Amino acid sequence: MSAASTDRRSPAGPRGGRSRPRIRIAGAGLWSALASTLLLAVVTSTAMVPWWPVYESPEFLVAAAVAIGAGCAIAVLGAAYAWPAWAVVTAVVGAYLVLGVPVAVPTRAYGALPTAEGLVDLVSAAALSWKQLVTISVPVGSYQALLVPPFLLGLVASTASVTIALRTSRPSLALLPPAGLLVAGVLLGVVHDDVAFEAGVGFLVASAAWLVRVAIAERRRTSSESPSEAALADARRIVGATVVVAVALVGATAAALALPAGPRSVVRSELRPPFEPNDHDSPLAGFRSAFGPAEAEVEMLSVRGLPDGVGLRVATLDSYDGVVYAVGGADRSAASGQFTRLPYRLDQSDAPGRPVDLEVTVLGYDDVWVPGVGQLEQISFSGDRNDRLEDEFAYNDVTGTAAVRSGLTAGDAYAAASVAPVEPADTAALRPGGAILPASPAPPDELLRLLDRWTRSADAPGVRLAAMIEGFHREGYVSHGLDTEDAPSRSGHALDRIAELATARPMVGDGEQYAVAAALLAREIGFPARVVVGYLPSSDGGPDGEHVLRGADLQAWIEVQAEDGSWVAIDPNPDVRPVPEREPDEPTVVSRPQSALPPPEDPTPVDDLAAEPDAGNQDPDRGDAWVAALLAALRVGGIAIAVLVAIASPFMAIVLAKARRRRLRRGAATAVERIEGGWQEFADQAVDHGYPMPVGATRAEQAAVVGGLAPAVLAAVVDRAAFGPDGPGEGDDERVWQAVDELGRRLDEPRSWRERARARISLGSLGGYAGSRKGAGS
C-alpha cells in the first residue's frame, strides 16, 4: 500500500498546472484505495480498545464505529475529488455536528436528529468533557456528553490517517494518528494493564500489516520483475515484518518488566475528586438532635427492599481526631475521603454478600448524604430533580458512602442496586483483616481498663471482640438526655466524653458514644474498625415490604473488617431499659487515691519525651511524600516511554537491520566482495532516498539514475575491480567505501531532516532489488 497521491513529477495540465489528483495505489485505482482504507480502519479500531474500560456500553461501540466510518468516508471522498485541506476540515466539523448528538450525546437526541440542547452540549463538550471524563467513576456508559472524547478523536484520527495514506508520498506515516488515539486511551483511561497490553499487541500487529502493504505496493510501483520474483520478494517482506513485530513485542515486554513495581498511574489518578466531605459536618456530630420531641416522630425516608436486620447506612466514618469522627478526615489524600462521580455502574462481582434492590423515597430527610446498603452497583434517580441529582452524585467505593452536593429534599427518589454483606454466624470466630485506616488517638485509660476487665479471660481477637460487645450490652444503658425523665447523658464523642462513659456508674450514653467507644476498643484489639451512622427500622415493614423510617430510628454502629476482607456490621448499643439510680460514691473513692499517688504522674514526661521522635519524624514523612511523588512521576514517564518505544520498535528494527547489512558488506572476506558491497550500499541508499533503480540495470545505468559525475566514476571503479584482469589494487576497497560515505552525505545534503529520517527507516532496500545483486555488472 503506497501513497495515493499525484506523482510530483507528473506532467502539467493543459493550463500549466498539475493534473487532477487521482487515487492510485500501485496503479490499482479505487479498489486498492478502499482496501487500504479498510486496513487503516482496523488499525484505528485497535487503537480504540484502551477506551473500552472507561465506557463498557454498546453506545461506545456505536460511537467508535460511526466515528471511524465517517472519518474514512471523508478521507476517501477528499482524495477522490481532490478536496483542499479546508474542505476536508469543514467536512469533519460538519460530521461532528450532524452525527455527534445522536451518537455521542444520545440522551439529548430526538431519534436520529440532534436537538438544540444536544448541540450546545456537544460543542461545549469538545472543550469541557475531557476533565469530566477523568474525574468520574468508571464505567460511564453514555452519561451526558462523555462519549464525545473518543468520538471526536476517532473521527479526526481516521480522517487524518486515511488522508495521509491516499494523498501523500509517505503512507507509512498514516500510523501516527491512530498511535495518538491509542496513547490518549491509555493515559485517559483506567488502570487496566491486561487491556492495555492486548491493545498494544493488536495495534502492533495491525500496524505491521499496514507497513507490509505499503512496502509491497511501493515495490510493485517501481519494479518490473516477473510475477514469481515479485511474489518471492513480497514473501521476504512479510517475513521481515513478522520479525519486526516479534522484536517490538520483546522490547515492549522488556520495558514493562523494567518499570518499577506498583500500580500504573494514569491521568485520572492525579486529579482531585469532585466532592469534598470535609466541607460538610460529620453525620455523627448532629446525632443527638434527631431525638428531640419535635424531630423524633418525623418521617424521614420510605424504603422498599430493605432486608430484615440490615440498617440503612447514611455514612461510614473512618477518621477520628479525638474530637469528631468524620468521613475521610483531615487527610485529603486518604482513599476514604476521595469521592468520584458514578454515572453508570460499578462492578461489585467480587464483593462478598447478597444482592439488594432498594427503592427509597425522601420524606423529611434533608442532607447531602445518600442513604444506602453495602457496596453500590448502580443508582438511578427519579422525580423533578433527577437530572441534577445524577449530575451531582458522588460515591466512595472504599466506605460505601454516597452524597449529592446540593443535598436530598422531600420528593426526591431513587432506586439502588447493591451488595449487602452477610452477617457472621459467630462474632467470636472472626479474625482481623488487613485494611489500613487513618490514624486515630489511643483510647482513654479508663476505657482500656474497662476492656481489660471484660476480656481478662479471653485471648483470641474474635473472642475479645465478642466479650467487649457483650460488656457494653450488659453494663450499658441508653439515654439521650433530652427529656426530664431521661437519665443525665452529655452529648458529644470526644475523648473526655468517652472516658466519662467508661467511668460512670451506671454507664449511660447513646449510639454516639457507644459506637465510638466500641470502634476505639476494636482497633485496640487489632480489628480495622469504623463507625456507621444510619437508620435501623424499629418495626417490621408493611405488607409490601415498605419501611417508613423516622428520626428516632437513627442509630450508630460499627463495622470491623474480617480476615476475608469483608466488613461485618456489629451493634454495640444496649437494649433500651430503665436506667438505675446513679452511684456517685464509688467513682469518687476510686479516683481520689489514683490522683494522690505520685508514680502515675512520673511516666507522663517520659511519655512526652518518647513522643518527641515521632514529631521529629514529620520531616522524613515529608521526604517520603516527595519520594512517592517522584516515583509516581517516574511511573507515568516510564509508561509513556514504553508506549513510545513500542511504537518506534518497527522503525528501530529497520535501522538495526541496515546497520548489520552494512557491517557484513564492509567486512566481507575478499577485497572484490568488499568493493562490490560498497556499490550495493550506495545503491541501497539511493533507493531509500527515492531513486527508482531499474531491474537488471548495470552499475553505469544505476549511476545515471542518480546523476552526477561521482556516481559514474564510482561505478567504473567497481566494474574495473570486479571484471578487470588485474583485479583490485591495494587499498581500493577502503577508497571505494570512503567514496560511498561521501556520496551518502551528498544524498542527504539537499534534504530536510524529515526526509533524511524517512530514508533511514525506508523499507525500499530491504526486500531485494536489481542494484543489490552481485550480477549487476557493466
# chains A, B, ... in the order shown; residues from 1 in each chain; ligands from 1
call {"tool": "select_by_dssp", "arguments": {"residues": "range 522-755 of chain A", "states": "helix (DSSP H, G or I)", "output": "ChimeraX atom specification"}}
result
/A:522-525,551-553,585-596,599-601,603-616,618-666,671-688,699-706,709-723,732-748,753-755
call {"tool": "write_last_selection", "arguments": {"atoms": "C-alpha atoms", "output": "tab-separated table (two decimals), in the first residue's frame"}}
result
chain	number	residue	atom	x	y	z
A	522	ALA	CA	-11.97	-2.91	68.37
A	523	ARG	CA	-8.93	-1.17	66.89
A	524	GLU	CA	-7.09	-1.75	70.16
A	525	ILE	CA	-7.85	-5.47	69.88
A	551	GLY	CA	-35.99	10.46	63.22
A	552	ALA	CA	-35.92	8.26	66.31
A	553	ASP	CA	-34.79	5.31	64.14
A	585	ASP	CA	-19.65	7.38	95.74
A	586	GLU	CA	-17.70	4.57	94.11
A	587	PRO	CA	-16.15	6.65	91.32
A	588	THR	CA	-15.02	9.23	93.95
A	589	VAL	CA	-13.40	6.63	96.19
A	590	VAL	CA	-11.63	5.02	93.27
A	591	SER	CA	-10.38	8.23	91.66
A	592	ARG	CA	-9.07	10.01	94.83
A	593	PRO	CA	-6.25	7.54	95.65
A	594	GLN	CA	-5.19	7.48	91.99
A	595	SER	CA	-4.80	11.26	91.91
A	596	ALA	CA	-2.84	11.25	95.20
A	599	PRO	CA	4.01	7.25	90.48
A	600	PRO	CA	1.36	7.58	87.75
A	601	GLU	CA	2.45	11.18	87.23
A	603	PRO	CA	5.64	8.43	83.36
A	604	THR	CA	3.87	11.41	81.79
A	605	PRO	CA	7.03	13.44	81.00
A	606	VAL	CA	8.72	10.26	79.85
A	607	ASP	CA	5.84	9.52	77.52
A	608	ASP	CA	6.02	13.07	76.22
A	609	LEU	CA	9.74	12.74	75.60
A	610	ALA	CA	9.18	9.39	73.93
A	611	ALA	CA	6.68	11.08	71.64
A	612	GLU	CA	9.22	13.67	70.52
A	613	PRO	CA	10.91	11.39	67.98
A	614	ASP	CA	7.51	10.82	66.40
A	615	ALA	CA	7.13	14.58	65.99
A	616	GLY	CA	10.60	14.74	64.54
A	618	GLN	CA	7.46	14.56	60.19
A	619	ASP	CA	10.39	15.76	58.11
A	620	PRO	CA	11.15	12.22	56.89
A	621	ASP	CA	7.44	11.86	56.15
A	622	ARG	CA	7.65	14.93	54.00
A	623	GLY	CA	10.67	13.38	52.35
A	624	ASP	CA	8.72	10.18	51.79
A	625	ALA	CA	5.94	12.23	50.20
A	626	TRP	CA	8.46	13.78	47.80
A	627	VAL	CA	9.85	10.33	47.01
A	628	ALA	CA	6.33	9.00	46.41
A	629	ALA	CA	5.56	11.92	44.10
A	630	LEU	CA	8.84	11.36	42.26
A	631	LEU	CA	8.11	7.64	41.87
A	632	ALA	CA	4.63	8.42	40.58
A	633	ALA	CA	6.11	10.82	38.02
A	634	LEU	CA	8.68	8.20	37.03
A	635	ARG	CA	5.94	5.60	36.60
A	636	VAL	CA	3.92	7.88	34.34
A	637	GLY	CA	7.05	8.81	32.40
A	638	GLY	CA	8.08	5.16	32.15
A	639	ILE	CA	4.69	4.20	30.78
A	640	ALA	CA	4.87	6.97	28.20
A	641	ILE	CA	8.40	5.91	27.21
A	642	ALA	CA	7.30	2.26	26.96
A	643	VAL	CA	4.43	3.26	24.66
A	644	LEU	CA	6.78	5.35	22.50
A	645	VAL	CA	9.33	2.52	22.38
A	646	ALA	CA	6.60	0.07	21.37
A	647	ILE	CA	5.53	2.43	18.56
A	648	ALA	CA	9.12	3.07	17.49
A	649	SER	CA	10.18	-0.60	17.66
A	650	PRO	CA	9.46	-1.39	13.97
A	651	PHE	CA	11.49	1.63	12.84
A	652	MET	CA	14.34	0.78	15.22
A	653	ALA	CA	14.40	-2.76	13.83
A	654	ILE	CA	14.74	-1.37	10.28
A	655	VAL	CA	17.67	0.85	11.26
A	656	LEU	CA	19.41	-2.04	13.03
A	657	ALA	CA	18.89	-4.34	10.03
A	658	LYS	CA	20.51	-1.81	7.70
A	659	ALA	CA	23.43	-1.30	10.08
A	660	ARG	CA	24.06	-5.05	10.24
A	661	ARG	CA	23.89	-5.31	6.41
A	662	ARG	CA	26.46	-2.53	6.04
A	663	ARG	CA	28.80	-4.19	8.57
A	664	LEU	CA	28.65	-7.53	6.74
A	665	ARG	CA	29.38	-5.90	3.38
A	666	ARG	CA	32.31	-3.87	4.61
A	671	ALA	CA	38.59	-7.16	-1.50
A	672	VAL	CA	36.35	-7.71	-4.54
A	673	GLU	CA	33.41	-8.59	-2.31
A	674	ARG	CA	34.06	-5.52	-0.15
A	675	ILE	CA	34.20	-3.28	-3.24
A	676	GLU	CA	31.00	-4.75	-4.71
A	677	GLY	CA	29.41	-4.46	-1.27
A	678	GLY	CA	30.29	-0.77	-1.26
A	679	TRP	CA	28.42	-0.22	-4.53
A	680	GLN	CA	25.47	-2.22	-3.19
A	681	GLU	CA	25.45	0.02	-0.11
A	682	PHE	CA	25.37	3.17	-2.27
A	683	ALA	CA	22.62	1.75	-4.49
A	684	ASP	CA	20.56	0.86	-1.41
A	685	GLN	CA	20.97	4.39	-0.07
A	686	ALA	CA	19.80	5.78	-3.39
A	687	VAL	CA	16.70	3.54	-3.31
A	688	ASP	CA	15.90	4.64	0.23
A	699	ARG	CA	26.10	-0.11	-12.45
A	700	ALA	CA	26.59	2.64	-15.02
A	701	GLU	CA	22.85	2.73	-15.68
A	702	GLN	CA	22.17	2.85	-11.96
A	703	ALA	CA	24.67	5.70	-11.58
A	704	ALA	CA	22.86	7.56	-14.38
A	705	VAL	CA	19.58	7.29	-12.43
A	706	VAL	CA	21.22	9.11	-9.50
A	709	LEU	CA	29.93	12.55	-12.15
A	710	ALA	CA	30.82	10.96	-8.80
A	711	PRO	CA	28.38	8.00	-9.05
A	712	ALA	CA	29.55	7.31	-12.63
A	713	VAL	CA	33.22	7.30	-11.55
A	714	LEU	CA	32.43	5.01	-8.63
A	715	ALA	CA	30.55	2.61	-10.93
A	716	ALA	CA	33.56	2.50	-13.29
A	717	VAL	CA	35.97	1.81	-10.42
A	718	VAL	CA	33.80	-1.03	-9.11
A	719	ASP	CA	33.43	-2.56	-12.60
A	720	ARG	CA	37.18	-2.43	-13.16
A	721	ALA	CA	37.88	-4.09	-9.81
A	722	ALA	CA	35.27	-6.79	-10.41
A	723	PHE	CA	35.97	-7.58	-14.10
A	732	ASP	CA	40.92	0.16	-3.41
A	733	ASP	CA	38.28	-1.27	-1.09
A	734	GLU	CA	38.88	1.45	1.53
A	735	ARG	CA	38.79	4.17	-1.12
A	736	VAL	CA	35.51	2.79	-2.51
A	737	TRP	CA	33.91	2.84	0.91
A	738	GLN	CA	35.15	6.39	1.55
A	739	ALA	CA	33.52	7.41	-1.74
A	740	VAL	CA	30.29	5.63	-0.72
A	741	ASP	CA	30.20	7.55	2.56
A	742	GLU	CA	30.79	10.83	0.72
A	743	LEU	CA	28.00	10.07	-1.78
A	744	GLY	CA	25.69	9.24	1.11
A	745	ARG	CA	26.36	12.67	2.61
A	746	ARG	CA	25.63	14.28	-0.75
A	747	LEU	CA	22.30	12.44	-0.94
A	748	ASP	CA	21.37	13.85	2.49
A	753	TRP	CA	15.71	16.24	8.43
A	754	ARG	CA	12.31	14.65	7.95
A	755	GLU	CA	13.29	13.33	4.53
call {"tool": "residues_around", "arguments": {"residues": "Asp540 in chain A", "least_positions_apart": "6", "cutoff": "10 Å", "atoms": "only C-alpha atoms", "output": "JSON, numbers by chain"}}
result
{"A": [308, 309, 546, 547, 548]}
call {"tool": "closest_atom_pairs", "arguments": {"of": "range 14-126 of chain A", "to": "range 341-365 of chain A", "cutoff": "10 Å", "atoms": "only C-alpha atoms", "output": "CSV"}}
result
residue,atom,partner,partner_atom,distance
A:Tyr55,CA,A:Tyr344,CA,8.7
A:Glu56,CA,A:Tyr344,CA,9.6
A:Ser57,CA,A:Tyr344,CA,9.5
call {"tool": "write_last_selection", "arguments": {"atoms": "all heavy atoms", "output": "mmCIF file, in the first residue's frame"}}
result
data_model
loop_
_atom_site.group_PDB
_atom_site.id
_atom_site.type_symbol
_atom_site.label_atom_id
_atom_site.label_comp_id
_atom_site.auth_asym_id
_atom_site.auth_seq_id
_atom_site.Cartn_x
_atom_site.Cartn_y
_atom_site.Cartn_z
ATOM 1 N N TYR A 55 -16.014 2.951 29.341
ATOM 2 C CA TYR A 55 -17.426 3.040 28.983
ATOM 3 C C TYR A 55 -18.176 1.719 29.195
ATOM 4 O O TYR A 55 -19.239 1.705 29.821
ATOM 5 C CB TYR A 55 -17.558 3.480 27.522
ATOM 6 C CG TYR A 55 -17.009 4.863 27.292
ATOM 7 C CD1 TYR A 55 -15.684 5.053 26.905
ATOM 8 C CD2 TYR A 55 -17.795 5.990 27.497
ATOM 9 C CE1 TYR A 55 -15.165 6.326 26.715
ATOM 10 C CE2 TYR A 55 -17.287 7.264 27.306
ATOM 11 C CZ TYR A 55 -15.972 7.428 26.915
ATOM 12 O OH TYR A 55 -15.456 8.688 26.740
ATOM 13 N N GLU A 56 -17.664 0.618 28.634
ATOM 14 C CA GLU A 56 -18.296 -0.697 28.781
ATOM 15 C C GLU A 56 -19.785 -0.648 28.452
ATOM 16 O O GLU A 56 -20.628 -1.120 29.215
ATOM 17 C CB GLU A 56 -18.080 -1.246 30.201
ATOM 18 C CG GLU A 56 -16.637 -1.564 30.523
ATOM 19 C CD GLU A 56 -16.474 -2.248 31.860
ATOM 20 O OE1 GLU A 56 -17.512 -2.557 32.487
ATOM 21 O OE2 GLU A 56 -15.332 -2.468 32.288
ATOM 22 N N SER A 57 -20.120 -0.099 27.314
ATOM 23 C CA SER A 57 -21.525 0.003 26.927
ATOM 24 C C SER A 57 -21.642 -0.119 25.412
ATOM 25 O O SER A 57 -20.710 0.219 24.670
ATOM 26 C CB SER A 57 -22.117 1.350 27.378
ATOM 27 O OG SER A 57 -21.537 2.415 26.665
#
call {"tool": "atom_distance", "arguments": {"atom1": "CA of Trp210 in chain A", "atom2": "CA of Trp83 in chain A"}}
result
24.6 Å
call {"tool": "closest_residue", "arguments": {"among": "A:Ala184, A:Val324, A:Val314, A:Met507", "to": "Ala285 in chain A", "atoms": "only C-alpha atoms"}}
result
A:Val324
call {"tool": "closest_residue", "arguments": {"among": "A:Arg304, A:Pro692, A:Gly322, A:Val404", "to": "Pro543 in chain A", "atoms": "only C-alpha atoms"}}
result
A:Arg304
call {"tool": "select_by_dssp", "arguments": {"residues": "range 96-212 of chain A", "states": "strand (DSSP E)", "output": "list in words"}}
result
Ala109, Tyr110, Leu113 and Pro114 of chain A
call {"tool": "write_last_selection", "arguments": {"atoms": "C-alpha atoms", "output": "PDB file, in the first residue's frame"}}
result
ATOM      1  CA  ALA A 109     -31.125  13.423  20.567  1.00  0.00           C
ATOM      2  CA  TYR A 110     -34.570  13.263  19.049  1.00  0.00           C
ATOM      3  CA  LEU A 113     -31.786  14.001  14.808  1.00  0.00           C
ATOM      4  CA  PRO A 114     -29.866  16.449  17.001  1.00  0.00           C
TER       5      PRO A 114
END
call {"tool": "closest_residue", "arguments": {"among": "A:Asp571, A:Glu276, A:Asp384, A:Glu563", "to": "Pro528 in chain A", "atoms": "only C-alpha atoms"}}
result
A:Glu563
call {"tool": "atom_distance", "arguments": {"atom1": "CA of Ser457 in chain A", "atom2": "CA of Gly476 in chain A"}}
result
20.6 Å
call {"tool": "atom_distance", "arguments": {"atom1": "CA of Pro537 in chain A", "atom2": "CA of Leu408 in chain A"}}
result
20.2 Å
call {"tool": "closest_residue", "arguments": {"among": "A:Gly534, A:Gly111, A:Gly69, A:Pro139", "to": "Arg313 in chain A", "atoms": "only C-alpha atoms"}}
result
A:Gly534
call {"tool": "residues_around", "arguments": {"residues": "Phe527 in chain A", "least_positions_apart": "5", "cutoff": "7 Å", "atoms": "only C-alpha atoms", "output": "PyMOL selection string"}}
result
chain A and resi 432-433+522+560-561
call {"tool": "closest_residue", "arguments": {"among": "A:Ala466, A:Gly305, A:Glu500, A:Ser489", "to": "Ala417 in chain A", "atoms": "only C-alpha atoms"}}
result
A:Gly305
call {"tool": "closest_residue", "arguments": {"among": "A:Leu284, A:Ala562, A:Val532, A:Ile74", "to": "Ala87 in chain A", "atoms": "only C-alpha atoms"}}
result
A:Ile74
call {"tool": "residues_around", "arguments": {"residues": "Leu312 in chain A", "least_positions_apart": "4", "cutoff": "8 Å", "atoms": "only C-alpha atoms", "output": "PyMOL selection string"}}
result
chain A and resi 306+371-373+534-536
call {"tool": "write_last_selection", "arguments": {"atoms": "all heavy atoms", "output": "PDB file, in the first residue's frame"}}
result
ATOM      1  N   LEU A 306     -35.523  -3.341  51.879  1.00  0.00           N
ATOM      2  CA  LEU A 306     -34.505  -3.408  52.923  1.00  0.00           C
ATOM      3  C   LEU A 306     -34.576  -4.766  53.612  1.00  0.00           C
ATOM      4  O   LEU A 306     -35.618  -5.133  54.176  1.00  0.00           O
ATOM      5  CB  LEU A 306     -34.716  -2.288  53.937  1.00  0.00           C
ATOM      6  CG  LEU A 306     -33.637  -2.114  55.002  1.00  0.00           C
ATOM      7  CD1 LEU A 306     -32.323  -1.679  54.362  1.00  0.00           C
ATOM      8  CD2 LEU A 306     -34.072  -1.087  56.053  1.00  0.00           C
ATOM      9  N   PRO A 371     -28.530   7.779  51.624  1.00  0.00           N
ATOM     10  CA  PRO A 371     -28.577   6.504  52.346  1.00  0.00           C
ATOM     11  C   PRO A 371     -28.571   5.312  51.400  1.00  0.00           C
ATOM     12  O   PRO A 371     -29.143   5.361  50.302  1.00  0.00           O
ATOM     13  CB  PRO A 371     -29.888   6.588  53.127  1.00  0.00           C
ATOM     14  CG  PRO A 371     -30.175   8.061  53.238  1.00  0.00           C
ATOM     15  CD  PRO A 371     -29.661   8.659  51.966  1.00  0.00           C
ATOM     16  N   GLY A 372     -27.921   4.230  51.851  1.00  0.00           N
ATOM     17  CA  GLY A 372     -27.854   3.015  51.043  1.00  0.00           C
ATOM     18  C   GLY A 372     -27.452   1.825  51.880  1.00  0.00           C
ATOM     19  O   GLY A 372     -27.376   1.891  53.112  1.00  0.00           O
ATOM     20  N   VAL A 373     -27.151   0.719  51.202  1.00  0.00           N
ATOM     21  CA  VAL A 373     -26.795  -0.545  51.853  1.00  0.00           C
ATOM     22  C   VAL A 373     -25.583  -1.132  51.155  1.00  0.00           C
ATOM     23  O   VAL A 373     -25.544  -1.180  49.909  1.00  0.00           O
ATOM     24  CB  VAL A 373     -27.967  -1.545  51.798  1.00  0.00           C
ATOM     25  CG1 VAL A 373     -27.530  -2.920  52.265  1.00  0.00           C
ATOM     26  CG2 VAL A 373     -29.121  -1.052  52.647  1.00  0.00           C
ATOM     27  N   GLY A 534     -26.689   5.466  60.547  1.00  0.00           N
ATOM     28  CA  GLY A 534     -27.771   5.105  59.640  1.00  0.00           C
ATOM     29  C   GLY A 534     -29.078   4.927  60.388  1.00  0.00           C
ATOM     30  O   GLY A 534     -29.237   5.360  61.538  1.00  0.00           O
ATOM     31  N   TYR A 535     -30.008   4.301  59.730  1.00  0.00           N
ATOM     32  CA  TYR A 535     -31.343   4.073  60.300  1.00  0.00           C
ATOM     33  C   TYR A 535     -31.579   2.575  60.476  1.00  0.00           C
ATOM     34  O   TYR A 535     -31.300   1.777  59.571  1.00  0.00           O
ATOM     35  CB  TYR A 535     -32.425   4.666  59.389  1.00  0.00           C
ATOM     36  CG  TYR A 535     -32.441   6.170  59.369  1.00  0.00           C
ATOM     37  CD1 TYR A 535     -31.724   6.872  58.395  1.00  0.00           C
ATOM     38  CD2 TYR A 535     -33.175   6.889  60.307  1.00  0.00           C
ATOM     39  CE1 TYR A 535     -31.741   8.260  58.368  1.00  0.00           C
ATOM     40  CE2 TYR A 535     -33.187   8.278  60.282  1.00  0.00           C
ATOM     41  CZ  TYR A 535     -32.469   8.962  59.318  1.00  0.00           C
ATOM     42  OH  TYR A 535     -32.484  10.339  59.298  1.00  0.00           O
ATOM     43  N   LEU A 536     -32.086   2.210  61.647  1.00  0.00           N
ATOM     44  CA  LEU A 536     -32.493   0.839  61.939  1.00  0.00           C
ATOM     45  C   LEU A 536     -34.002   0.815  62.112  1.00  0.00           C
ATOM     46  O   LEU A 536     -34.543   1.506  62.983  1.00  0.00           O
ATOM     47  CB  LEU A 536     -31.821   0.326  63.217  1.00  0.00           C
ATOM     48  CG  LEU A 536     -30.307   0.075  63.133  1.00  0.00           C
ATOM     49  CD1 LEU A 536     -29.782  -0.357  64.492  1.00  0.00           C
ATOM     50  CD2 LEU A 536     -29.997  -0.988  62.090  1.00  0.00           C
TER      51      LEU A 536
END
